[in-house]
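Source file final-v3.csv; content: CSV, C-alpha atoms.
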```csv
chain,number,residue,atom,x,y,z
A,1,LEU,CA,169.4,57.2,157.0
A,2,VAL,CA,166.2,59.0,157.5
A,3,ILE,CA,167.2,61.9,155.2
A,4,CYS,CA,168.2,59.4,152.5
A,5,LYS,CA,165.0,57.6,152.8
A,6,SER,CA,163.0,60.8,152.6
A,7,TRP,CA,165.0,61.9,149.6
A,8,SER,CA,164.4,58.6,147.9
A,9,ILE,CA,160.6,58.9,148.4
A,10,THR,CA,160.6,62.4,147.1
A,11,CYS,CA,162.5,61.4,144.0
A,12,CYS,CA,160.2,58.5,143.4
A,13,ARG,CA,157.2,60.7,143.7
A,14,PHE,CA,158.8,63.2,141.2
A,15,GLU,CA,159.5,60.4,138.7
A,16,ILE,CA,155.9,59.2,139.0
A,17,ARG,CA,154.6,62.7,138.4
A,18,LEU,CA,156.8,63.1,135.4
A,19,PHE,CA,155.5,59.8,134.1
A,20,MET,CA,151.9,60.8,134.6
A,21,LEU,CA,152.5,64.2,132.9
A,22,SER,CA,154.1,62.4,130.0
A,23,TYR,CA,151.2,59.9,129.9
A,24,GLU,CA,148.6,62.7,130.0
A,25,LYS,CA,150.4,64.7,127.3
A,26,GLU,CA,150.5,61.6,125.1
A,27,ARG,CA,146.9,60.7,125.9
A,28,PHE,CA,145.6,64.3,125.4
A,29,ASP,CA,147.8,65.4,122.6
A,30,PRO,CA,145.8,67.3,119.9
A,31,THR,CA,148.2,66.0,117.3
A,32,GLN,CA,147.4,62.4,118.1
A,33,PHE,CA,143.7,63.3,118.2
A,34,GLN,CA,143.8,64.9,114.8
A,35,GLU,CA,145.7,62.0,113.2
A,36,SER,CA,143.0,59.6,114.5
A,37,ILE,CA,140.2,61.7,113.1
A,38,VAL,CA,141.9,62.4,109.8
A,39,GLN,CA,142.8,58.8,109.3
A,40,GLY,CA,139.1,57.8,109.9
A,41,LEU,CA,137.8,60.5,107.5
A,42,ASN,CA,140.3,59.4,104.8
A,43,GLN,CA,139.0,55.9,105.1
A,44,THR,CA,135.3,56.8,104.9
A,45,GLY,CA,136.0,59.2,102.0
A,46,SER,CA,133.1,61.3,100.7
A,47,ASP,CA,130.4,58.9,102.0
A,48,LEU,CA,128.8,61.1,104.6
A,49,GLU,CA,126.7,58.3,106.1
A,50,ALA,CA,130.0,56.4,106.8
A,51,VAL,CA,131.5,59.7,108.2
A,52,ALA,CA,128.5,60.0,110.6
A,53,LYS,CA,128.9,56.3,111.8
A,54,PHE,CA,132.7,56.8,112.2
A,55,LEU,CA,132.2,59.9,114.3
A,56,ASP,CA,129.6,58.2,116.4
A,57,ALA,CA,131.8,55.2,117.2
A,58,SER,CA,135.0,57.3,117.8
A,59,GLY,CA,133.3,59.3,120.5
A,60,ALA,CA,133.6,56.2,122.8
A,61,LYS,CA,137.4,56.0,122.2
A,62,LEU,CA,138.5,59.6,121.7
A,63,ASP,CA,138.1,62.6,124.0
A,64,TYR,CA,135.6,64.7,122.2
A,65,ARG,CA,134.9,66.8,125.2
A,66,ARG,CA,138.6,68.0,125.5
A,67,TYR,CA,139.1,68.3,121.7
A,68,ALA,CA,135.8,69.6,120.5
A,69,GLU,CA,137.4,72.6,118.8
A,70,THR,CA,140.0,70.4,117.0
A,71,LEU,CA,137.2,68.0,115.9
A,72,PHE,CA,135.1,70.8,114.4
A,73,ASP,CA,138.1,72.5,112.8
A,74,ILE,CA,138.9,69.2,111.0
A,75,LEU,CA,135.3,68.5,109.9
A,76,VAL,CA,135.0,72.1,108.5
A,77,ALA,CA,138.5,72.9,107.2
A,78,GLY,CA,140.3,69.6,107.1
A,79,GLY,CA,142.7,70.3,109.9
A,80,MET,CA,143.4,72.4,113.0
A,81,LEU,CA,143.0,76.2,112.3
A,82,ALA,CA,145.6,78.7,113.4
A,83,PRO,CA,144.4,82.2,114.5
A,84,GLY,CA,143.1,84.0,111.4
A,85,GLY,CA,141.7,80.9,109.8
A,86,THR,CA,144.8,79.4,108.2
A,87,LEU,CA,145.5,75.7,108.5
A,88,SER,CA,148.4,74.6,110.8
A,89,ASP,CA,151.3,73.6,108.6
A,90,ASP,CA,152.7,70.8,110.8
A,91,MET,CA,149.5,68.8,111.0
A,92,THR,CA,148.1,66.0,109.0
A,93,ARG,CA,145.0,67.1,107.0
A,94,THR,CA,142.1,65.5,105.2
A,95,GLU,CA,140.5,66.3,101.9
A,96,PHE,CA,137.2,65.1,103.1
A,97,CYS,CA,135.7,68.2,104.8
A,98,LEU,CA,133.1,70.9,104.3
A,99,PHE,CA,135.5,73.3,102.6
A,100,THR,CA,136.4,70.7,99.9
A,101,ALA,CA,132.8,69.6,99.3
A,102,ASN,CA,130.6,70.7,96.4
A,103,GLU,CA,129.2,74.2,96.7
A,104,ASP,CA,125.5,73.4,96.5
A,105,LEU,CA,122.6,73.4,99.0
A,106,GLU,CA,122.0,69.6,98.8
A,107,THR,CA,125.6,68.9,99.8
A,108,MET,CA,125.4,71.4,102.6
A,109,GLN,CA,122.2,69.8,103.9
A,110,ALA,CA,124.0,66.5,104.0
A,111,TYR,CA,126.9,68.0,106.0
A,112,ALA,CA,124.4,69.6,108.4
A,113,GLN,CA,123.0,66.1,109.1
A,114,VAL,CA,126.5,64.9,110.0
A,115,PHE,CA,126.8,67.7,112.6
A,116,ASN,CA,123.2,67.2,113.8
A,117,LYS,CA,123.7,63.4,114.4
A,118,LEU,CA,127.0,64.0,116.1
A,119,ILE,CA,125.6,66.6,118.5
A,120,ARG,CA,122.5,64.6,119.2
A,121,ARG,CA,124.7,61.6,120.1
A,122,TYR,CA,127.1,63.7,122.3
A,123,LYS,CA,125.0,66.5,123.8
A,124,TYR,CA,128.0,68.0,125.5
A,125,LEU,CA,129.3,69.1,122.1
A,126,GLU,CA,126.4,71.5,121.6
A,127,LYS,CA,128.0,74.5,123.3
A,128,GLY,CA,131.4,73.9,121.8
A,129,PHE,CA,129.9,73.6,118.3
A,130,GLU,CA,128.2,77.0,118.7
A,131,GLU,CA,131.4,78.6,119.9
A,132,GLU,CA,133.2,77.0,116.9
A,133,ILE,CA,130.7,78.6,114.4
A,134,LYS,CA,131.2,82.0,116.1
A,135,LYS,CA,135.0,81.6,115.8
A,136,LEU,CA,134.8,80.5,112.1
A,137,LEU,CA,132.7,83.7,111.3
A,138,LEU,CA,135.5,85.8,112.8
A,139,PHE,CA,138.0,84.0,110.6
A,140,LEU,CA,136.0,84.6,107.4
A,141,LYS,CA,138.7,86.8,105.8
A,142,GLY,CA,141.1,83.8,106.1
A,143,PHE,CA,138.8,81.7,103.8
A,144,ASP,CA,138.3,82.0,100.1
A,145,GLU,CA,134.9,83.0,98.6
A,146,SER,CA,133.8,79.4,98.0
A,147,GLU,CA,134.7,78.3,101.5
A,148,ARG,CA,132.7,81.3,102.9
A,149,ASN,CA,129.7,80.5,100.7
A,150,LYS,CA,129.7,76.9,102.0
A,151,LEU,CA,130.0,77.9,105.6
A,152,ALA,CA,127.2,80.5,105.1
A,153,MET,CA,124.9,77.9,103.6
A,154,LEU,CA,125.7,75.4,106.4
A,155,ALA,CA,125.1,78.1,109.1
A,156,GLY,CA,121.7,79.0,107.5
A,157,ILE,CA,120.6,75.3,107.5
A,158,LEU,CA,121.8,74.8,111.1
A,159,LEU,CA,119.9,78.0,112.2
A,160,ALA,CA,116.8,76.7,110.5
A,161,ASN,CA,117.1,73.3,112.3
A,162,GLY,CA,117.7,75.0,115.7
A,163,ASN,CA,121.2,73.4,116.0
A,164,ILE,CA,122.7,76.8,116.8
A,165,SER,CA,121.3,80.2,118.1
A,166,ALA,CA,121.0,83.3,116.0
A,167,SER,CA,123.4,84.9,118.5
A,168,ILE,CA,126.2,83.6,116.3
A,169,LEU,CA,125.5,86.5,114.0
A,170,ASN,CA,127.2,88.8,116.6
A,171,SER,CA,130.5,87.7,115.0
A,172,LEU,CA,129.4,89.2,111.7
A,173,TYR,CA,129.4,92.7,113.3
A,174,ASN,CA,133.2,92.6,113.5
A,175,GLU,CA,134.4,96.0,112.3
A,176,ASN,CA,136.9,94.6,109.7
A,177,LEU,CA,134.4,92.1,108.3
A,178,VAL,CA,131.8,94.9,107.9
A,179,LYS,CA,134.2,97.4,106.5
A,180,GLU,CA,135.3,95.1,103.7
A,181,GLY,CA,131.8,93.9,102.8
A,182,VAL,CA,132.5,90.4,103.9
A,183,SER,CA,129.7,90.4,106.5
A,184,ALA,CA,127.0,91.5,104.0
A,185,ALA,CA,128.0,89.0,101.3
A,186,PHE,CA,128.1,86.2,103.9
A,187,ALA,CA,124.7,87.2,105.2
A,188,VAL,CA,123.1,86.9,101.7
A,189,LYS,CA,124.1,83.2,101.4
A,190,LEU,CA,123.2,82.5,105.0
A,191,PHE,CA,119.7,84.0,104.9
A,192,LYS,CA,119.0,82.5,101.5
A,193,SER,CA,119.6,78.9,102.9
A,194,TRP,CA,117.8,79.8,106.2
A,195,ILE,CA,114.7,81.1,104.5
A,196,TYR,CA,114.8,78.2,102.0
A,197,GLU,CA,114.7,75.8,104.9
A,198,LYS,CA,112.0,77.7,106.8
A,199,ASP,CA,110.4,81.1,106.0
A,200,ILE,CA,110.9,84.7,106.8
A,201,ASN,CA,108.5,84.5,109.8
A,202,CYS,CA,110.7,81.8,111.5
A,203,VAL,CA,113.8,83.8,110.7
A,204,ALA,CA,112.2,86.9,112.2
A,205,CYS,CA,111.2,85.0,115.4
A,206,SER,CA,114.7,83.7,115.9
A,207,LEU,CA,116.2,87.1,115.4
A,208,ARG,CA,113.8,88.7,117.9
A,209,LYS,CA,114.7,86.1,120.5
A,210,VAL,CA,118.3,87.2,120.6
A,211,GLY,CA,117.7,90.9,119.9
A,212,MET,CA,119.1,90.8,116.4
A,213,ASP,CA,115.9,92.0,114.6
A,214,ASN,CA,116.9,95.7,114.9
A,215,ARG,CA,120.6,95.2,114.1
A,216,LEU,CA,120.6,93.9,110.5
A,217,MET,CA,121.6,97.4,109.3
A,218,GLU,CA,124.9,97.0,111.1
A,219,LEU,CA,126.0,94.5,108.4
A,220,PHE,CA,127.0,97.6,106.4
A,221,PRO,CA,129.6,100.3,107.2
A,222,ALA,CA,128.2,103.5,108.8
A,223,ASN,CA,128.3,105.4,105.5
A,224,LYS,CA,126.0,102.8,103.9
A,225,ARG,CA,123.8,102.1,106.8
A,226,SER,CA,120.5,103.3,105.4
A,227,ALA,CA,117.1,101.7,104.7
A,228,GLU,CA,117.5,102.5,101.0
A,229,HIS,CA,120.9,100.8,100.6
A,230,PHE,CA,119.9,97.8,102.7
A,231,SER,CA,116.7,97.3,100.7
A,232,LYS,CA,118.4,97.5,97.3
A,233,TYR,CA,121.3,95.3,98.4
A,234,PHE,CA,119.2,92.4,99.6
A,235,THR,CA,116.4,92.9,97.0
A,236,ASP,CA,119.0,92.7,94.2
A,237,ALA,CA,120.3,89.5,95.9
A,238,GLY,CA,116.9,87.9,95.7
A,239,LEU,CA,116.0,88.5,99.4
A,240,LYS,CA,113.1,91.0,99.1
A,241,GLU,CA,111.4,89.4,102.1
A,242,LEU,CA,114.4,90.2,104.3
A,243,ALA,CA,114.6,93.7,103.0
A,244,ASP,CA,110.9,94.2,103.8
A,245,PHE,CA,111.3,92.8,107.3
A,246,ALA,CA,114.3,95.1,108.0
A,247,ARG,CA,112.3,98.1,106.7
A,248,ASN,CA,109.4,97.3,108.9
A,249,GLN,CA,111.7,96.9,111.9
A,250,LEU,CA,113.3,100.2,111.2
A,251,SER,CA,109.8,101.8,111.0
A,252,ILE,CA,108.8,100.3,114.3
A,253,GLY,CA,112.1,101.6,115.9
A,254,ALA,CA,111.5,105.0,114.4
A,255,ARG,CA,108.0,105.1,115.8
A,256,LYS,CA,109.1,104.2,119.3
A,257,GLU,CA,111.8,106.8,119.3
A,258,LEU,CA,109.4,109.5,117.9
A,259,GLN,CA,106.8,108.7,120.5
A,260,LYS,CA,109.4,108.8,123.3
A,261,GLU,CA,110.7,112.2,122.0
A,262,LEU,CA,107.1,113.6,121.7
A,263,HIS,CA,106.4,112.5,125.3
A,264,GLU,CA,109.5,114.3,126.5
A,265,GLN,CA,108.6,117.5,124.6
A,266,MET,CA,105.1,117.5,126.0
A,267,ALA,CA,106.4,116.9,129.5
A,268,ARG,CA,108.7,119.9,129.1
A,269,GLY,CA,105.8,122.0,127.9
A,270,ASP,CA,107.4,122.9,124.5
A,271,PRO,CA,105.4,125.2,122.3
A,272,GLN,CA,103.0,123.2,120.0
A,273,ARG,CA,104.3,124.9,116.9
A,274,GLU,CA,107.8,123.5,117.6
A,275,ILE,CA,106.3,120.1,118.3
A,276,ILE,CA,104.3,120.2,115.1
A,277,ALA,CA,107.4,121.2,113.0
A,278,TYR,CA,109.6,118.5,114.6
A,279,THR,CA,106.9,115.8,114.1
A,280,ARG,CA,106.4,116.7,110.4
A,281,GLU,CA,110.1,116.5,109.8
A,282,GLU,CA,110.5,113.2,111.5
A,283,MET,CA,107.4,111.9,109.8
A,284,LYS,CA,109.0,112.7,106.4
A,285,LYS,CA,112.4,111.1,107.4
A,286,ALA,CA,110.7,107.9,108.6
A,287,GLY,CA,108.4,107.7,105.6
A,288,LEU,CA,105.3,107.5,107.9
A,289,SER,CA,101.8,108.1,106.7
A,290,GLU,CA,99.5,110.6,108.4
A,291,GLN,CA,97.4,107.8,109.7
A,292,ALA,CA,100.4,106.2,111.4
A,293,MET,CA,101.5,109.6,112.7
A,294,ILE,CA,98.1,110.5,114.3
A,295,SER,CA,98.2,107.2,116.2
A,296,ILE,CA,101.6,108.0,117.6
A,297,ILE,CA,100.5,111.5,118.5
A,298,TRP,CA,97.4,110.3,120.3
A,299,SER,CA,99.4,107.8,122.3
A,300,SER,CA,102.0,110.5,123.3
A,301,VAL,CA,99.3,113.0,124.2
A,302,MET,CA,97.5,110.5,126.5
A,303,SER,CA,100.6,109.2,128.1
A,304,CYS,CA,102.1,112.6,129.2
A,305,VAL,CA,99.6,113.1,132.0
A,306,GLU,CA,98.8,111.2,135.2
A,307,TRP,CA,95.0,110.5,135.0
A,308,ASN,CA,92.6,110.8,137.9
A,309,LYS,CA,91.4,107.4,139.1
A,310,LYS,CA,87.8,108.6,139.7
A,311,GLU,CA,85.5,108.2,136.7
A,312,GLU,CA,83.5,111.3,137.4
A,313,LEU,CA,86.7,113.5,137.4
A,314,VAL,CA,88.7,111.9,134.6
A,315,THR,CA,86.3,113.0,131.9
A,316,GLU,CA,86.7,116.7,132.9
A,317,GLN,CA,90.5,116.3,133.1
A,318,ALA,CA,90.6,114.6,129.6
A,319,ILE,CA,88.5,117.3,128.0
A,320,LYS,CA,90.8,120.0,129.4
A,321,HIS,CA,93.9,118.2,128.4
A,322,LEU,CA,92.8,117.3,124.8
A,323,LYS,CA,91.5,120.9,124.3
A,324,GLN,CA,95.1,122.0,125.0
A,325,TYR,CA,96.5,119.6,122.4
A,326,SER,CA,93.8,119.9,119.8
A,327,PRO,CA,96.0,122.1,117.5
A,328,LEU,CA,98.6,119.3,117.4
A,329,LEU,CA,95.9,116.7,116.6
A,330,LYS,CA,94.4,118.9,113.9
A,331,ALA,CA,97.7,119.4,112.2
A,332,PHE,CA,97.8,115.6,111.4
A,333,THR,CA,94.2,115.0,110.4
A,334,SER,CA,94.1,116.6,107.0
A,335,GLN,CA,92.8,113.4,105.4
A,336,GLY,CA,89.5,111.6,106.1
A,337,GLN,CA,91.3,108.3,106.8
A,338,SER,CA,93.5,110.0,109.4
A,339,GLU,CA,90.3,111.2,111.2
A,340,ILE,CA,88.9,107.6,111.1
A,341,SER,CA,92.3,106.4,112.5
A,342,LEU,CA,92.1,108.9,115.3
A,343,LEU,CA,88.5,107.9,116.1
A,344,VAL,CA,89.5,104.3,116.3
A,345,LYS,CA,92.4,105.1,118.6
A,346,VAL,CA,90.0,107.1,120.9
A,347,GLN,CA,87.6,104.1,120.9
A,348,GLU,CA,90.4,101.6,121.8
A,349,TYR,CA,91.8,103.9,124.5
A,350,CYS,CA,88.4,104.4,126.2
A,351,TYR,CA,87.7,100.7,126.1
A,352,ASP,CA,91.1,99.6,127.4
A,353,ASN,CA,91.1,102.2,130.2
A,354,ILE,CA,88.0,101.5,132.3
A,355,HIS,CA,87.8,105.1,133.8
A,356,PHE,CA,87.3,106.5,130.3
A,357,MET,CA,84.4,104.2,129.3
A,358,LYS,CA,81.8,107.0,129.7
A,359,ALA,CA,84.1,109.7,128.3
A,360,PHE,CA,84.1,108.6,124.7
A,361,GLN,CA,81.2,110.7,123.4
A,362,LYS,CA,82.4,113.9,125.1
A,363,ILE,CA,85.9,113.5,123.7
A,364,VAL,CA,84.5,113.0,120.2
A,365,VAL,CA,82.3,116.1,120.6
A,366,LEU,CA,85.3,118.2,121.8
A,367,LEU,CA,87.4,117.1,118.8
A,368,TYR,CA,84.5,117.9,116.5
A,369,LYS,CA,84.1,121.4,118.0
A,370,ALA,CA,87.9,121.9,117.8
A,371,ASP,CA,87.7,121.1,114.0
A,372,VAL,CA,89.9,118.0,114.5
A,373,LEU,CA,87.1,115.7,113.4
A,374,SER,CA,84.6,116.4,110.6
A,375,GLU,CA,81.0,115.3,110.6
A,376,GLU,CA,81.7,113.1,107.5
A,377,ALA,CA,84.4,111.2,109.4
A,378,ILE,CA,82.2,110.7,112.5
A,379,LEU,CA,79.2,109.5,110.4
A,380,LYS,CA,81.4,107.2,108.5
A,381,TRP,CA,82.9,105.8,111.7
A,382,TYR,CA,79.4,105.4,113.1
A,383,SER,CA,78.1,103.4,110.1
A,384,GLU,CA,81.2,101.3,109.3
A,385,GLY,CA,84.5,102.3,110.8
A,386,GLN,CA,84.3,101.3,114.4
A,387,GLN,CA,86.2,98.4,116.0
A,388,ASN,CA,84.7,95.6,118.1
A,389,LYS,CA,86.0,97.0,121.3
A,390,GLY,CA,83.0,98.4,123.1
A,391,LYS,CA,81.2,98.8,119.8
A,392,GLY,CA,77.6,98.6,121.2
A,393,MET,CA,78.3,100.9,124.2
A,394,PHE,CA,80.0,103.5,122.1
A,395,LEU,CA,77.4,103.5,119.4
A,396,GLU,CA,74.8,104.0,122.0
A,397,GLN,CA,76.7,106.9,123.5
A,398,MET,CA,77.1,108.5,120.0
A,399,LYS,CA,73.5,108.0,119.0
A,400,LYS,CA,72.0,111.4,119.9
A,401,PHE,CA,75.0,113.3,118.6
A,402,VAL,CA,75.0,111.4,115.3
A,403,GLU,CA,71.2,112.1,114.9
A,404,TRP,CA,71.9,115.8,115.5
A,405,LEU,CA,74.7,115.7,112.9
A,406,LYS,CA,72.4,114.0,110.3
A,407,ASN,CA,69.6,116.5,111.0
A,408,ALA,CA,72.0,119.4,110.7
A,409,GLU,CA,73.3,118.0,107.4
A,410,GLU,CA,69.7,117.6,106.1
A,411,GLU,CA,68.8,121.1,107.1
A,412,SER,CA,71.9,122.4,105.4
A,413,GLU,CA,71.1,120.5,102.2
A,414,SER,CA,67.5,121.8,102.4
A,415,GLU,CA,68.7,125.4,102.7
A,416,GLU,CA,71.0,124.9,99.7
A,417,ASP,CA,68.2,123.5,97.6
A,418,GLU,CA,66.0,126.5,98.5
A,419,ALA,CA,68.8,128.9,97.6
A,420,ASP,CA,69.2,127.2,94.2
```
Translate this file's structure into structure tokens.
Amino acid sequence: LVICKSWSITCCRFEIRLFMLSYEKERFDPTQFQESIVQGLNQTGSDLEAVAKFLDASGAKLDYRRYAETLFDILVAGGMLAPGGTLSDDMTRTEFCLFTANEDLETMQAYAQVFNKLIRRYKYLEKGFEEEIKKLLLFLKGFDESERNKLAMLAGILLANGNISASILNSLYNENLVKEGVSAAFAVKLFKSWIYEKDINCVACSLRKVGMDNRLMELFPANKRSAEHFSKYFTDAGLKELADFARNQLSIGARKELQKELHEQMARGDPQREIIAYTREEMKKAGLSEQAMISIIWSSVMSCVEWNKKEELVTEQAIKHLKQYSPLLKAFTSQGQSEISLLVKVQEYCYDNIHFMKAFQKIVVLLYKADVLSEEAILKWYSEGQQNKGKGMFLEQMKKFVEWLKNAEEESESEEDEAD
């Protein structure tokens, strides 16, 4: 009797569990969810205001949290998407979705508002929506050109409005998408709508936040990954500001790498003729001016030594160190403007590093004697080229030397006149 009773209870529990599983399956069945959403969209039609109201009201009855992916698939493609981006054959679809809408910016802005209102109403959808966009970008090859264009415009608007993070662009670096040119073509449409909504400065800021500002070149295959190709491609597409931004970022990256390498060469004690040859070659490759190059060299020279903390000793140490590297500095001050750039860098360094405050004049005199700086450059700096940093103090330090230069110049001119 006890065994029978126990068996009866077990069977009863099993039947209850089967019932609950059946109930859960019916309640949380994506097919049923899709039919509910599709039916509502078919009733609202192309009236996006009505669509937004329907989605707002349905969130109270349907489980958006569980079926976020299904919901966004329907709103974008008209039905649930199978791997690769194709629509599932056995599901009810709707013709009222992003992919069947008109391919113009105004329509895409209206669709962006639908998604914006939905996510503001149901904040828990925010993460799921961003994951959906990342997935859709990976499925780009499964969509036709018009569908990709509409998705790109929508993504650009959403990025501009802050609905999604620029980290979604990671999906565009998929090897197959890059290889077939899909990523670059998609990026053109995306950045056009993004910049139209905001401006290149906002775009740049968003890219920097997620470390994407230096990765734009990766939208192209390795054999086309050059500044020239990138610039031409996006300039021809009407995105010169993006091309200029990428070129500037590439230049910044090249400068950092060059400064790092110079620092390492100096730390190893490499011969200066080798350092000069290497620097000239890299300067040409990166398209850097001599003025930009002398600033990099100065920073590298001053960072490759551990400076004494005592003001009375650091000047002597600096003179000895800079005398050693004067041939390197001289090699990249063949132009008057380069000399001014170097003087300004010396001024800024001495001002920013308190122990060098009194060393400025002695450093300048050393560079003058080493034929790195000319008297013309020094006089020009003294009269008009100095920065505000420590201006009064450094002008006072240089006063006697500048007077000496002027007198020497006047004497030289007088001797020339007498000779004539």
Between atom CA of Gln291 of chain A and atom CA of Thr315 of chain A, what is the spacing in Å?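 Taking atom CA of Thr315 of chain A and atom CA of Gln291 of chain A, their separation equals 25.4 Å.
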Which is closest to Asn248 of chain A among A:Gly287, A:Gly84, A:Gly40, A:Pro271, if we use all atoms listed in the file?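 Closest candidate: A:Gly287.
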Would you mind listing what lies within 10 Å of Lys53 of chain A as an NGL selection string, with all atoms listed in the file counted and same-chain residues fewer than 2 positions away left out? :A and (44 or 48-51 or 55-58 or 114 or 117-118)
What is the distance, in Å and to one decimal place, between atom CA of Gly336 of chain A and atom CA of Val364 of chain A?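 Value for the atom CA of Gly336 of chain A-atom CA of Val364 of chain A distance: 15.0 Å.
Across the structure, atom CA of Val210 of chain A and atom CA of Glu131 of chain A are spaced 15.7 Å apart.
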Within 7 Å of segment 337-354 of chain A, counting only C-alpha atoms, which residues show up once you throw out same-chain ones fewer than 3 positions away? Write them as a ChimeraX atom specification, please. /A:290-291,294-295,333,357,360,373,377,381,385-387,389-390
With N, CA and C atoms as the goal, would you fill in the gaps in segment 349-365 of chain A and present it as a CSV table (one decimal), in the coordinates of the input?
```
chain,number,residue,atom,x,y,z
A,349,TYR,N,91.3,103.3,123.2
A,349,TYR,CA,91.8,103.9,124.5
A,349,TYR,C,90.7,103.9,125.6
A,350,CYS,N,89.5,104.3,125.2
A,350,CYS,CA,88.4,104.4,126.2
A,350,CYS,C,88.0,103.0,126.6
A,351,TYR,N,88.1,102.0,125.7
A,351,TYR,CA,87.7,100.7,126.1
A,351,TYR,C,88.8,100.0,127.0
A,352,ASP,N,90.0,100.3,126.6
A,352,ASP,CA,91.1,99.6,127.4
A,352,ASP,C,91.3,100.2,128.8
A,353,ASN,N,90.9,101.5,128.9
A,353,ASN,CA,91.1,102.2,130.2
A,353,ASN,C,89.7,102.4,130.8
A,354,ILE,N,89.4,101.6,131.8
A,354,ILE,CA,88.0,101.5,132.3
A,354,ILE,C,87.4,102.9,132.8
A,355,HIS,N,88.3,103.8,133.3
A,355,HIS,CA,87.8,105.1,133.8
A,355,HIS,C,87.3,106.0,132.7
A,356,PHE,N,87.7,105.6,131.4
A,356,PHE,CA,87.3,106.5,130.3
A,356,PHE,C,86.1,105.9,129.5
A,357,MET,N,85.5,104.9,130.0
A,357,MET,CA,84.4,104.2,129.3
A,357,MET,C,83.3,105.2,129.0
A,358,LYS,N,82.9,106.1,129.9
A,358,LYS,CA,81.8,107.0,129.7
A,358,LYS,C,82.3,108.3,129.1
A,359,ALA,N,83.6,108.5,128.8
A,359,ALA,CA,84.1,109.7,128.3
A,359,ALA,C,84.1,109.8,126.8
A,360,PHE,N,83.9,108.7,126.1
A,360,PHE,CA,84.1,108.6,124.7
A,360,PHE,C,83.3,109.7,123.9
A,361,GLN,N,82.0,109.8,124.2
A,361,GLN,CA,81.2,110.7,123.4
A,361,GLN,C,81.6,112.2,123.6
A,362,LYS,N,82.0,112.5,124.8
A,362,LYS,CA,82.4,113.9,125.1
A,362,LYS,C,83.7,114.2,124.5
A,363,ILE,N,84.6,113.2,124.4
A,363,ILE,CA,85.9,113.5,123.7
A,363,ILE,C,85.7,113.7,122.2
A,364,VAL,N,84.8,112.9,121.6
A,364,VAL,CA,84.5,113.0,120.2
A,364,VAL,C,83.9,114.4,119.9
A,365,VAL,N,83.0,114.8,120.7
A,365,VAL,CA,82.3,116.1,120.6
A,365,VAL,C,83.3,117.2,120.7
```
